[in-house]
Structures are given as structure tokens and as C-alpha cells.
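For reference, entry.txt (compact mmCIF, C-alpha atoms):
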```
# COMPACT_ATOMS: atom_id res chain seq x y z
CA MET J 217 -20.20 -10.75 1.19
CA GLU J 218 -20.41 -14.42 2.01
CA LEU J 219 -17.92 -15.78 4.47
CA SER J 220 -16.44 -18.35 2.11
CA VAL J 221 -15.90 -15.61 -0.46
CA PHE J 222 -14.12 -13.47 2.11
CA TRP J 223 -11.80 -16.33 3.03
CA MET J 224 -10.99 -16.91 -0.60
CA TYR J 225 -10.17 -13.22 -1.13
CA LEU J 226 -8.04 -13.25 2.00
CA LEU J 227 -6.18 -16.35 0.88
CA VAL J 228 -5.44 -14.85 -2.54
CA MET J 229 -4.24 -11.59 -0.99
CA PHE J 230 -2.06 -13.35 1.52
CA GLY J 231 -0.60 -15.81 -0.97
CA VAL J 232 0.38 -13.20 -3.52
CA THR J 233 1.69 -10.66 -0.99
CA TYR J 234 3.64 -13.29 0.91
CA LEU J 235 5.26 -14.89 -2.12
CA ILE J 236 6.22 -11.57 -3.66
CA ARG J 237 8.18 -10.69 -0.53
CA VAL J 238 9.64 -14.03 0.43
CA PHE J 239 10.43 -15.64 -2.90
CA PRO J 240 12.97 -13.00 -4.01
CA PHE J 241 14.35 -12.82 -0.47
CA VAL J 242 15.18 -16.53 -0.47
CA ILE J 243 16.16 -16.93 -4.12
CA PHE J 244 17.97 -13.80 -5.26
CA ARG J 245 21.66 -13.22 -4.84
CA LYS J 246 22.12 -10.37 -7.30
CA LYS J 247 20.72 -6.88 -7.26
CA ILE J 248 18.51 -5.59 -10.02
CA GLU J 249 20.64 -3.02 -11.77
CA ASN J 250 18.58 -2.48 -14.86
CA LYS J 251 17.63 1.19 -14.69
CA TYR J 252 14.38 0.69 -16.57
CA ILE J 253 13.11 -2.01 -14.23
CA ARG J 254 14.17 0.04 -11.21
CA ALA J 255 12.29 3.06 -12.52
CA PHE J 256 9.21 1.00 -13.35
CA LEU J 257 9.10 -0.43 -9.83
CA ALA J 258 9.68 3.00 -8.29
CA TYR J 259 6.77 4.54 -10.21
CA ILE J 260 4.31 1.70 -9.70
CA PRO J 261 3.09 2.55 -6.16
CA TYR J 262 2.18 6.10 -7.20
CA THR J 263 0.58 5.26 -10.53
CA VAL J 264 -1.51 2.55 -8.88
CA LEU J 265 -2.73 4.86 -6.14
CA GLY J 266 -3.33 7.68 -8.63
CA ALA J 267 -5.37 5.52 -10.98
CA MET J 268 -7.23 3.98 -8.05
CA THR J 269 -8.15 7.39 -6.62
CA PHE J 270 -9.26 9.21 -9.76
CA PRO J 271 -11.97 9.38 -10.85
CA ALA J 272 -13.41 6.83 -8.36
CA VAL J 273 -13.06 9.26 -5.45
CA PHE J 274 -15.78 11.50 -6.89
CA TYR J 275 -18.28 8.67 -6.41
CA ALA J 276 -17.13 7.65 -2.92
CA THR J 277 -19.72 9.52 -0.86
CA GLY J 278 -22.79 9.30 -3.06
CA SER J 279 -22.63 13.01 -3.84
CA PHE J 280 -20.26 14.40 -6.45
CA VAL J 281 -20.21 17.83 -4.82
CA SER J 282 -19.39 16.67 -1.31
CA ALA J 283 -16.74 14.30 -2.64
CA ALA J 284 -15.18 17.08 -4.72
CA VAL J 285 -14.99 19.29 -1.64
CA GLY J 286 -13.31 16.44 0.23
CA VAL J 287 -10.81 15.98 -2.60
CA MET J 288 -9.93 19.68 -2.57
CA ALA J 289 -9.34 19.52 1.17
CA ALA J 290 -7.19 16.39 0.79
CA LEU J 291 -5.09 17.88 -2.01
CA GLY J 292 -4.51 21.10 -0.09
CA LEU J 293 -3.53 19.39 3.15
CA ALA J 294 -1.36 16.78 1.44
CA TYR J 295 0.43 19.54 -0.44
CA ARG J 296 1.21 21.19 2.88
CA GLY J 297 2.77 17.90 3.99
CA LYS J 298 0.14 16.82 6.54
CA GLY J 299 0.14 13.18 7.64
CA LEU J 300 -2.03 10.40 6.23
CA PHE J 301 -4.43 10.34 9.13
CA THR J 302 -4.95 14.11 9.18
CA VAL J 303 -5.56 14.26 5.45
CA ALA J 304 -7.96 11.30 5.48
CA ILE J 305 -10.02 12.56 8.39
CA CYS J 306 -10.15 16.19 7.21
CA ALA J 307 -11.21 15.10 3.72
CA SER J 308 -14.03 13.04 5.25
CA LEU J 309 -14.97 15.90 7.56
CA ALA J 310 -15.11 18.38 4.68
CA ALA J 311 -17.32 16.00 2.70
CA PHE J 312 -19.52 15.39 5.72
CA LEU J 313 -20.01 19.11 6.40
CA MET J 314 -20.77 19.71 2.73
CA SER J 315 -23.39 16.94 2.75
CA ILE J 316 -25.30 18.36 5.74
CA ILE J 317 -25.30 21.96 4.49
CA MET E 39 19.22 -10.98 22.31
CA LYS E 40 20.89 -7.58 22.37
CA GLN E 41 20.28 -7.27 18.66
CA PHE E 42 16.64 -8.25 19.10
CA ILE E 43 16.16 -5.50 21.72
CA GLN E 44 17.89 -2.97 19.49
CA GLY E 45 15.55 -3.97 16.69
CA ILE E 46 12.51 -3.45 18.90
CA LYS E 47 13.75 0.03 19.79
CA ASP E 48 14.39 0.95 16.18
CA GLY E 49 10.92 -0.24 15.20
CA GLY E 50 9.09 1.94 17.72
CA ALA E 51 8.72 4.97 15.52
CA ILE E 52 7.41 2.83 12.66
CA GLY E 53 4.88 1.20 15.00
CA ILE E 54 3.51 4.56 16.10
CA GLY E 55 3.38 5.76 12.49
CA TYR E 56 1.45 2.64 11.52
CA LEU E 57 -1.18 3.17 14.23
CA SER E 58 -2.87 6.08 12.49
CA VAL E 59 -2.68 4.56 9.01
CA SER E 60 -4.07 1.23 10.16
CA PHE E 61 -6.74 2.98 12.22
CA THR E 62 -7.87 4.62 9.01
CA PHE E 63 -7.73 1.24 7.28
CA GLY E 64 -9.94 -0.27 9.99
CA LEU E 65 -12.47 2.53 9.55
CA ALA E 66 -12.42 2.24 5.77
CA ALA E 67 -12.69 -1.55 5.86
CA VAL E 68 -15.76 -1.50 8.06
CA SER E 69 -17.39 1.30 6.09
CA SER E 70 -16.85 -0.75 2.93
CA GLY E 71 -18.76 -3.64 4.46
CA LEU E 72 -16.25 -5.84 6.29
CA GLN E 73 -16.74 -7.16 9.84
CA TRP E 74 -14.29 -5.90 12.43
CA TRP E 75 -12.59 -9.28 12.69
CA GLU E 76 -12.32 -9.56 8.93
CA ALA E 77 -10.53 -6.19 8.82
CA LEU E 78 -8.22 -7.39 11.59
CA LEU E 79 -7.43 -10.63 9.76
CA VAL E 80 -6.61 -8.76 6.57
CA SER E 81 -4.09 -6.66 8.48
CA MET E 82 -2.64 -9.62 10.39
CA MET E 83 -2.02 -11.57 7.20
CA ASN E 84 -0.87 -8.84 4.83
CA LEU E 85 0.91 -6.02 6.66
CA THR E 86 0.80 -3.66 3.70
CA SER E 87 -1.11 -0.41 3.29
CA ALA E 88 -1.74 0.17 -0.40
CA GLY E 89 -2.30 -3.52 -1.12
CA GLN E 90 -4.86 -3.86 1.66
CA PHE E 91 -6.74 -0.74 0.63
CA ALA E 92 -6.87 -2.03 -2.92
CA GLY E 93 -7.96 -5.39 -1.54
CA ILE E 94 -10.98 -4.06 0.33
CA THR E 95 -11.90 -1.92 -2.67
CA ILE E 96 -12.00 -5.07 -4.80
CA MET E 97 -13.95 -6.98 -2.14
CA ALA E 98 -16.51 -4.17 -1.95
CA ALA E 99 -16.88 -4.19 -5.74
CA ALA E 100 -17.16 -8.02 -5.71
CA GLY E 101 -14.21 -8.27 -8.11
CA THR E 102 -12.87 -11.57 -9.38
CA TYR E 103 -10.10 -13.52 -7.65
CA ILE E 104 -7.88 -12.95 -10.67
CA GLU E 105 -8.34 -9.21 -10.27
CA MET E 106 -7.49 -9.51 -6.60
CA ALA E 107 -4.34 -11.51 -7.34
CA LEU E 108 -3.21 -9.20 -10.13
CA SER E 109 -3.82 -6.03 -8.15
CA GLN E 110 -1.87 -7.37 -5.18
CA PHE E 111 0.90 -8.48 -7.50
CA VAL E 112 1.23 -5.13 -9.22
CA ILE E 113 0.90 -2.98 -6.12
CA ASN E 114 3.27 -5.08 -4.04
CA LEU E 115 5.80 -5.69 -6.80
CA ARG E 116 8.05 -3.11 -5.14
CA TYR E 117 8.51 -5.49 -2.20
CA ALA E 118 10.24 -7.91 -4.54
CA LEU E 119 12.81 -5.24 -5.28
CA MET E 120 13.23 -4.52 -1.57
CA SER E 121 13.57 -8.19 -0.72
CA ILE E 122 16.29 -8.52 -3.34
CA SER E 123 18.19 -5.56 -1.87
CA LEU E 124 17.69 -6.91 1.63
CA SER E 125 18.99 -10.32 0.62
CA GLN E 126 22.37 -8.68 -0.09
CA LYS E 127 22.48 -7.09 3.33
CA VAL E 128 21.60 -9.94 5.71
CA ASP E 129 24.24 -12.02 7.50
CA LYS E 130 25.04 -15.69 6.91
CA ASP E 131 22.88 -16.90 9.80
CA PHE E 132 19.80 -15.45 8.17
CA ARG E 133 18.94 -18.83 6.67
CA ALA E 134 16.17 -19.77 4.27
CA GLY E 135 13.79 -20.85 7.06
CA ARG E 136 14.14 -17.54 8.83
CA LYS E 137 13.77 -15.70 5.55
CA MET E 138 10.49 -17.49 4.91
CA LEU E 139 9.21 -16.39 8.30
CA LEU E 140 10.63 -12.87 8.52
CA GLY E 141 10.38 -11.98 4.84
CA PHE E 142 6.70 -11.49 5.55
CA ALA E 143 7.61 -8.29 7.42
CA VAL E 144 9.25 -6.49 4.49
CA THR E 145 7.40 -3.17 4.29
CA ASP E 146 8.52 0.19 2.91
CA GLU E 147 9.46 1.48 6.36
CA ILE E 148 10.92 -1.67 7.91
CA PHE E 149 13.00 -2.14 4.79
CA ALA E 150 14.23 1.46 4.94
CA VAL E 151 15.31 1.15 8.58
CA ALA E 152 16.97 -2.24 8.05
CA MET E 153 18.91 -0.95 5.05
CA SER E 154 20.06 2.17 6.88
CA ARG E 155 21.68 0.01 9.58
CA GLU E 156 25.44 -0.14 9.45
CA GLY E 157 26.94 -3.47 8.45
CA GLU E 158 24.97 -6.68 8.05
CA VAL E 159 21.44 -7.29 9.29
CA SER E 160 20.95 -10.29 11.57
CA SER E 161 17.73 -12.25 11.80
CA GLN E 162 17.48 -11.29 15.49
CA TYR E 163 17.64 -7.60 14.67
CA PHE E 164 15.17 -7.91 11.83
CA ALA E 165 12.74 -9.90 13.99
CA GLY E 166 12.92 -7.23 16.70
CA LEU E 167 12.45 -4.52 14.14
CA ALA E 168 9.20 -6.11 12.98
CA VAL E 169 7.58 -6.46 16.43
CA LEU E 170 6.23 -2.97 17.14
CA PRO E 171 5.23 -2.18 13.54
CA TYR E 172 3.24 -5.44 13.49
CA LEU E 173 1.53 -4.64 16.79
CA GLY E 174 0.89 -1.05 15.66
CA TRP E 175 -0.55 -2.20 12.36
CA THR E 176 -2.90 -4.84 13.78
CA GLY E 177 -3.81 -2.89 16.93
CA GLY E 178 -4.62 0.24 14.94
CA THR E 179 -6.77 -1.77 12.53
CA LEU E 180 -8.74 -3.30 15.39
CA ALA E 181 -9.32 0.11 17.02
CA GLY E 182 -10.38 1.68 13.72
CA ALA E 183 -12.70 -1.20 12.85
CA VAL E 184 -14.42 -1.10 16.25
CA CYS E 185 -14.85 2.68 16.02
CA GLY E 186 -16.24 2.30 12.52
CA ASN E 187 -18.83 -0.14 13.84
CA ILE E 188 -20.02 2.29 16.50
CA LEU E 189 -20.26 5.41 14.32
CA PRO E 190 -23.59 6.31 12.66
CA LYS E 191 -24.14 5.71 8.95
CA THR E 192 -23.89 9.37 7.86
CA VAL E 193 -20.43 9.49 9.36
CA THR E 194 -19.24 6.21 7.85
CA ASP E 195 -20.54 7.37 4.46
CA ALA E 196 -18.28 10.39 4.67
CA LEU E 197 -15.48 8.10 5.80
CA GLY E 198 -15.72 6.38 2.43
CA LEU E 199 -13.51 9.27 1.41
CA ALA E 200 -10.89 8.44 4.05
CA ILE E 201 -9.22 5.75 1.98
CA TYR E 202 -8.82 8.11 -0.96
CA GLY E 203 -7.65 10.87 1.34
CA MET E 204 -4.88 8.53 2.40
CA PHE E 205 -3.93 7.77 -1.17
CA ILE E 206 -3.76 11.48 -1.89
CA ALA E 207 -1.62 11.99 1.20
CA ILE E 208 0.81 9.36 -0.10
CA ILE E 209 1.10 10.52 -3.71
CA VAL E 210 1.03 14.31 -3.40
CA PRO E 211 4.22 14.72 -1.31
CA ALA E 212 6.08 12.35 -3.65
CA MET E 213 4.82 14.28 -6.67
CA LYS E 214 5.94 17.51 -5.06
CA LYS E 215 9.41 16.15 -4.40
CA ASP E 216 10.09 14.41 -7.69
CA SER E 217 9.00 15.85 -11.04
CA ARG E 218 9.24 12.43 -12.70
CA ILE E 219 6.77 10.95 -10.25
CA LEU E 220 4.59 14.03 -10.78
CA LYS E 221 4.44 13.54 -14.55
CA ILE E 222 4.01 9.77 -14.49
CA THR E 223 1.33 9.82 -11.82
CA LEU E 224 -0.62 12.50 -13.68
CA LEU E 225 -0.35 10.33 -16.78
CA ALA E 226 -1.79 7.38 -14.86
CA VAL E 227 -4.64 9.56 -13.60
CA ALA E 228 -5.33 10.78 -17.15
CA PHE E 229 -5.43 7.17 -18.40
CA SER E 230 -7.79 6.33 -15.58
CA PHE E 231 -10.20 9.11 -16.56
CA ILE E 232 -10.09 7.97 -20.18
CA VAL E 233 -10.82 4.36 -19.31
CA TYR E 234 -13.59 5.41 -16.94
CA TYR E 235 -15.45 7.76 -19.24
CA LEU E 236 -14.71 6.56 -22.74
CA PRO E 237 -17.66 4.62 -24.13
CA GLY E 238 -16.70 1.06 -24.99
CA LEU E 239 -14.03 0.86 -22.31
CA ARG E 240 -16.49 1.21 -19.47
CA ASN E 241 -17.13 -2.48 -19.12
CA ILE E 242 -13.55 -3.11 -18.08
CA SER E 243 -13.78 -3.88 -14.38
CA SER E 244 -12.30 -1.29 -12.05
CA GLY E 245 -9.54 -3.55 -10.75
CA PHE E 246 -8.22 -4.29 -14.22
CA ALA E 247 -8.60 -0.68 -15.28
CA VAL E 248 -6.29 0.40 -12.46
CA ILE E 249 -3.73 -2.25 -13.33
CA ILE E 250 -3.73 -1.34 -17.02
CA CYS E 251 -3.42 2.41 -16.32
CA ALA E 252 -0.69 1.99 -13.71
CA VAL E 253 1.40 -0.45 -15.73
CA ALA E 254 1.09 1.60 -18.92
CA ALA E 255 2.04 4.87 -17.21
CA SER E 256 4.92 3.29 -15.27
CA ALA E 257 6.27 1.62 -18.40
CA ILE E 258 6.20 4.92 -20.25
CA GLY E 259 7.89 6.47 -17.21
CA ALA E 260 10.60 3.80 -17.19
CA VAL E 261 11.40 4.49 -20.84
CA CYS E 262 11.33 8.29 -20.52
CA PHE E 263 12.94 8.62 -17.10
CA PRO E 264 14.98 5.54 -16.19
CA MET E 265 16.48 5.49 -12.70
CA GLU E 266 20.11 4.93 -11.82
CA GLU E 267 20.97 3.28 -8.53
CA GLU E 268 21.33 6.43 -6.43
CA GLN E 269 18.41 8.52 -7.55
CA GLU E 270 15.54 6.26 -6.62
CA GLY E 271 12.60 8.36 -5.54
CA ALA E 272 10.48 5.82 -3.75
```
Translate the structure described by the file into C-alpha cells.
Amino acid sequence: MELSVFWMYLLVMFGVTYLIRVFPFVIFRKKIENKYIRAFLAYIPYTVLGAMTFPAVFYATGSFVSAAVGVMAALGLAYRGKGLFTVAICASLAAFLMSII
Amino acid sequence: MKQFIQGIKDGGAIGIGYLSVSFTFGLAAVSSGLQWWEALLVSMMNLTSAGQFAGITIMAAAGTYIEMALSQFVINLRYALMSISLSQKVDKDFRAGRKMLLGFAVTDEIFAVAMSREGEVSSQYFAGLAVLPYLGWTGGTLAGAVCGNILPKTVTDALGLAIYGMFIAIIVPAMKKDSRILKITLLAVAFSFIVYYLPGLRNISSGFAVIICAVAASAIGAVCFPMEEEQEGA
């Protein structure tokens, strides 16, 4: 990636993320009470992450099988309530071990 | 000053929690092709996990700037809701100038701690609260990025999975706890598979595909399972 392109990406990220936090903070006086909007905003983080993960995760390591093994490990550990770091590293480790077998 | 110190103390746990997440971000950023200082800058200027991970995914895929802007907008939309809630809770001295500076530090965790504080939130307290999380977030990113640079390619290839492992670690516990989130997230995943594999839809870029799937599923969720004030899952 060219440097100028990186700066442009960074600027866009920063601008959007900053404004979305600060603009409502400065402007708003009233709470959002609409139950539909509240629900929509509550679901968004999970639907975004879900759609971002699947099916792209199966192509993340260059091998469908090793990635699938990593996903299984991640799902199992996350279900048992392990932390982000543990899940991420164990998923990578599982995929790595699968790829060298 | 006392309030500032109290804020720093209250932010300690968040800072430590951020270390491991941002370390993973640093690793993932470098394995997706960023320089260590680029990863650090992204963390210094954004202070958000999901948004940053989406950001480096779009950079790696050479997505358009519009995609980048839209993805950040959609993913970080929840901060708008938090900022609105927070604006009800701050004291009178928390003026517009301070809001412009400190509003940058609204994250899921900082927001949660600030809102759980009894009475009003002063700008001193909020500034203190942001200190250690910010240091944890940027310091962890730097450490992860440097480690990622040192590790051999076979290892960083496998670490390409780390980012998704994190996503899974965020969504699975929430899905376990709340059946509405479970259903709506599965719906989003189903949409995502359809868009990915259905011929004719494949030329939609990945950034837009995610936005379309997430917005559609969340909108359906909002209609089927609206949320009253008290029962907010997130």
C-alpha cells in the first residue's frame, strides 16, 4: 500500500469515528427512546462482526481445512467464555498446527 | 484533581483489558501488511476495536474510501448512542470544547464505567478515566506490531486467523447470553454466506457486503425484537 493511500484511509477512519462520537455528545440534549432505533444500534456490533467473520474466515490462512480447524477452536473456547486474546491465539495455533501436519 | 486521580484509578482495569486486545490488533495489522508505525497511528487516532479491525481488513483488500467511511460509520454508530446517553450525565462544566476533546475517548468500556458512576460525570473524572485505557490501547498495539514484525511468515500466516478469533470471542458470549442477539447475528451470517456464494452478487465488494448484511439483519431484528430502555443487551 502506498503511503499517501494509507494516510487517506487513516484520515477517513479518524474523521468518521471522531465525528460519530463527538457530534452527538456536543449537540444532543435528549435521549433516544425509540425502541426500534435502540434495538437496531444494539444489534449492529454483532451483525457487523458476524458478517465480517463468515465466510471470510475460511479463506484467512490460505487453507480451508486449517482455517476450519481454527474456527472450531475459536467457537469452542469463546463458548466457554475465554478472553479475546486466548481465543485469538488458540485459533491461530490450531490453524498453524493443522497446516504443518 | 481528586476527580482526575479517581478517574485514573477507575480506568486501570480497562487499560489492562485493552492491552491484550490491542496486542492482537498490532499482530493482525502487521500480518495484513501494515508497518508497525502505521498500526500504532491507527490505534492512536481511533481507539476502537471493531472499527479498526474492519479498517485494516478494508486496507488489505484495497477497498474504496467510501467503503472505509461507510464501514466505520455503521460499526461505530453505537458510539453515537453512547455519546447521547453520556451527554445527559455530564456536569455543567463539561463544556463544548472539552466535549470535543474528550468525546474522542467514548468506547464501550469507558462509557460503561462513566455511566455506572454515581451522580454527574465531571470532565476531570472523564479525562482521568481515559488515560490508562488510551495508554493500554496504544502500548499494546505497538508491542503486538513489533512482535508481528519479528515472527516468521508461517506464524504470521496463521495469525491471519487472530482477528477473526477475536470477532468470534466478542459475538459468541453475547449470543449465548441473549437469544435475540443469537438469532439476529445468525441471520447476518446467513446473509453473508448468500452474498458471498450466490452468483451475480459476488462482485459486490466485501466491505459493502458486510454493511448490507449487517444493516438488513439488524433492521429485521429491530422490527422483530425492539428493545425497551432497561433490557439493552449490548
Exercise. So what do you get for atom CA of E:Leu119 versus atom CA of J:Ile253, distance-wise?
Worked result: 9.5 Å
For this session: Kindly give the distance, in Å, that separates atom CA of J:Asn250 and atom CA of E:Glu266, rounded to a single decimal.
Result: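 Atom CA of E:Glu266 lies 8.2 Å from atom CA of J:Asn250.
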Exercise. Neighbours of stretch 63-80 of chain E within 10 Å (all atoms listed in the file; same-chain residues fewer than 3 positions away dropped), as JSON, numbers by chain?
Worked result: {"J": [217, 219, 222, 223, 225, 226, 227, 229, 230, 301], "E": [57, 58, 59, 60, 83, 84, 85, 86, 87, 88, 90, 91, 93, 94, 95, 97, 98, 99, 175, 176, 177, 178, 179, 180, 181, 182, 183, 184, 185, 186, 187, 189, 191, 193, 194, 195, 196, 197, 198, 199, 200, 201, 202, 204]}
For this session: Could you please determine the separation between atom CA of E:Ala168 and atom CA of E:Ile113 in Å, to one decimal place?
Result: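 Taking atom CA of E:Ala168 as the start and atom CA of E:Ile113 as the end point, the length is 21.1 Å.
Distances from J:Ile317, J:Ala304, J:Val281, J:Val287 to chain E were compared using only C-alpha atoms, and the smallest one belongs to J:Ala304.
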Problem set entry | Of the listed residues E:Gly203, E:Gln162, E:Pro190, E:Gly174, that which approaches E:Ile43 most closely, counting all atoms listed in the file |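 Looking at the shortest contact to E:Ile43, the residue is E:Gln162.
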Exercise. Nearest to E:Cys262: which of J:Ala255, J:Ala276, J:Val303, J:Met268 is it, counting all atoms listed in the file?
Worked result: J:Ala255
Exercise. Residues at most 9 Å from E:Gly259, counting only C-alpha atoms, excluding those fewer than 6 positions away in the same chain, as a list in words?
Worked result: Tyr252, Ala255, Phe256 and Tyr259 of chain J; Arg218, Ile219, Lys221 and Ile222 of chain E
For this session: Just the residues within 9 Å of E:Ser256, please, counting only C-alpha atoms, with nothing from its chain fewer than 5 positions along; format it as a list of chain:residue names.
Result: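 Answer for this query is J:Ala255, J:Phe256, J:Leu257, J:Ala258, J:Tyr259, J:Ile260, J:Tyr262, J:Thr263, E:Ile222, E:Thr223, E:Leu225, E:Ala226, E:Cys251, E:Val261.
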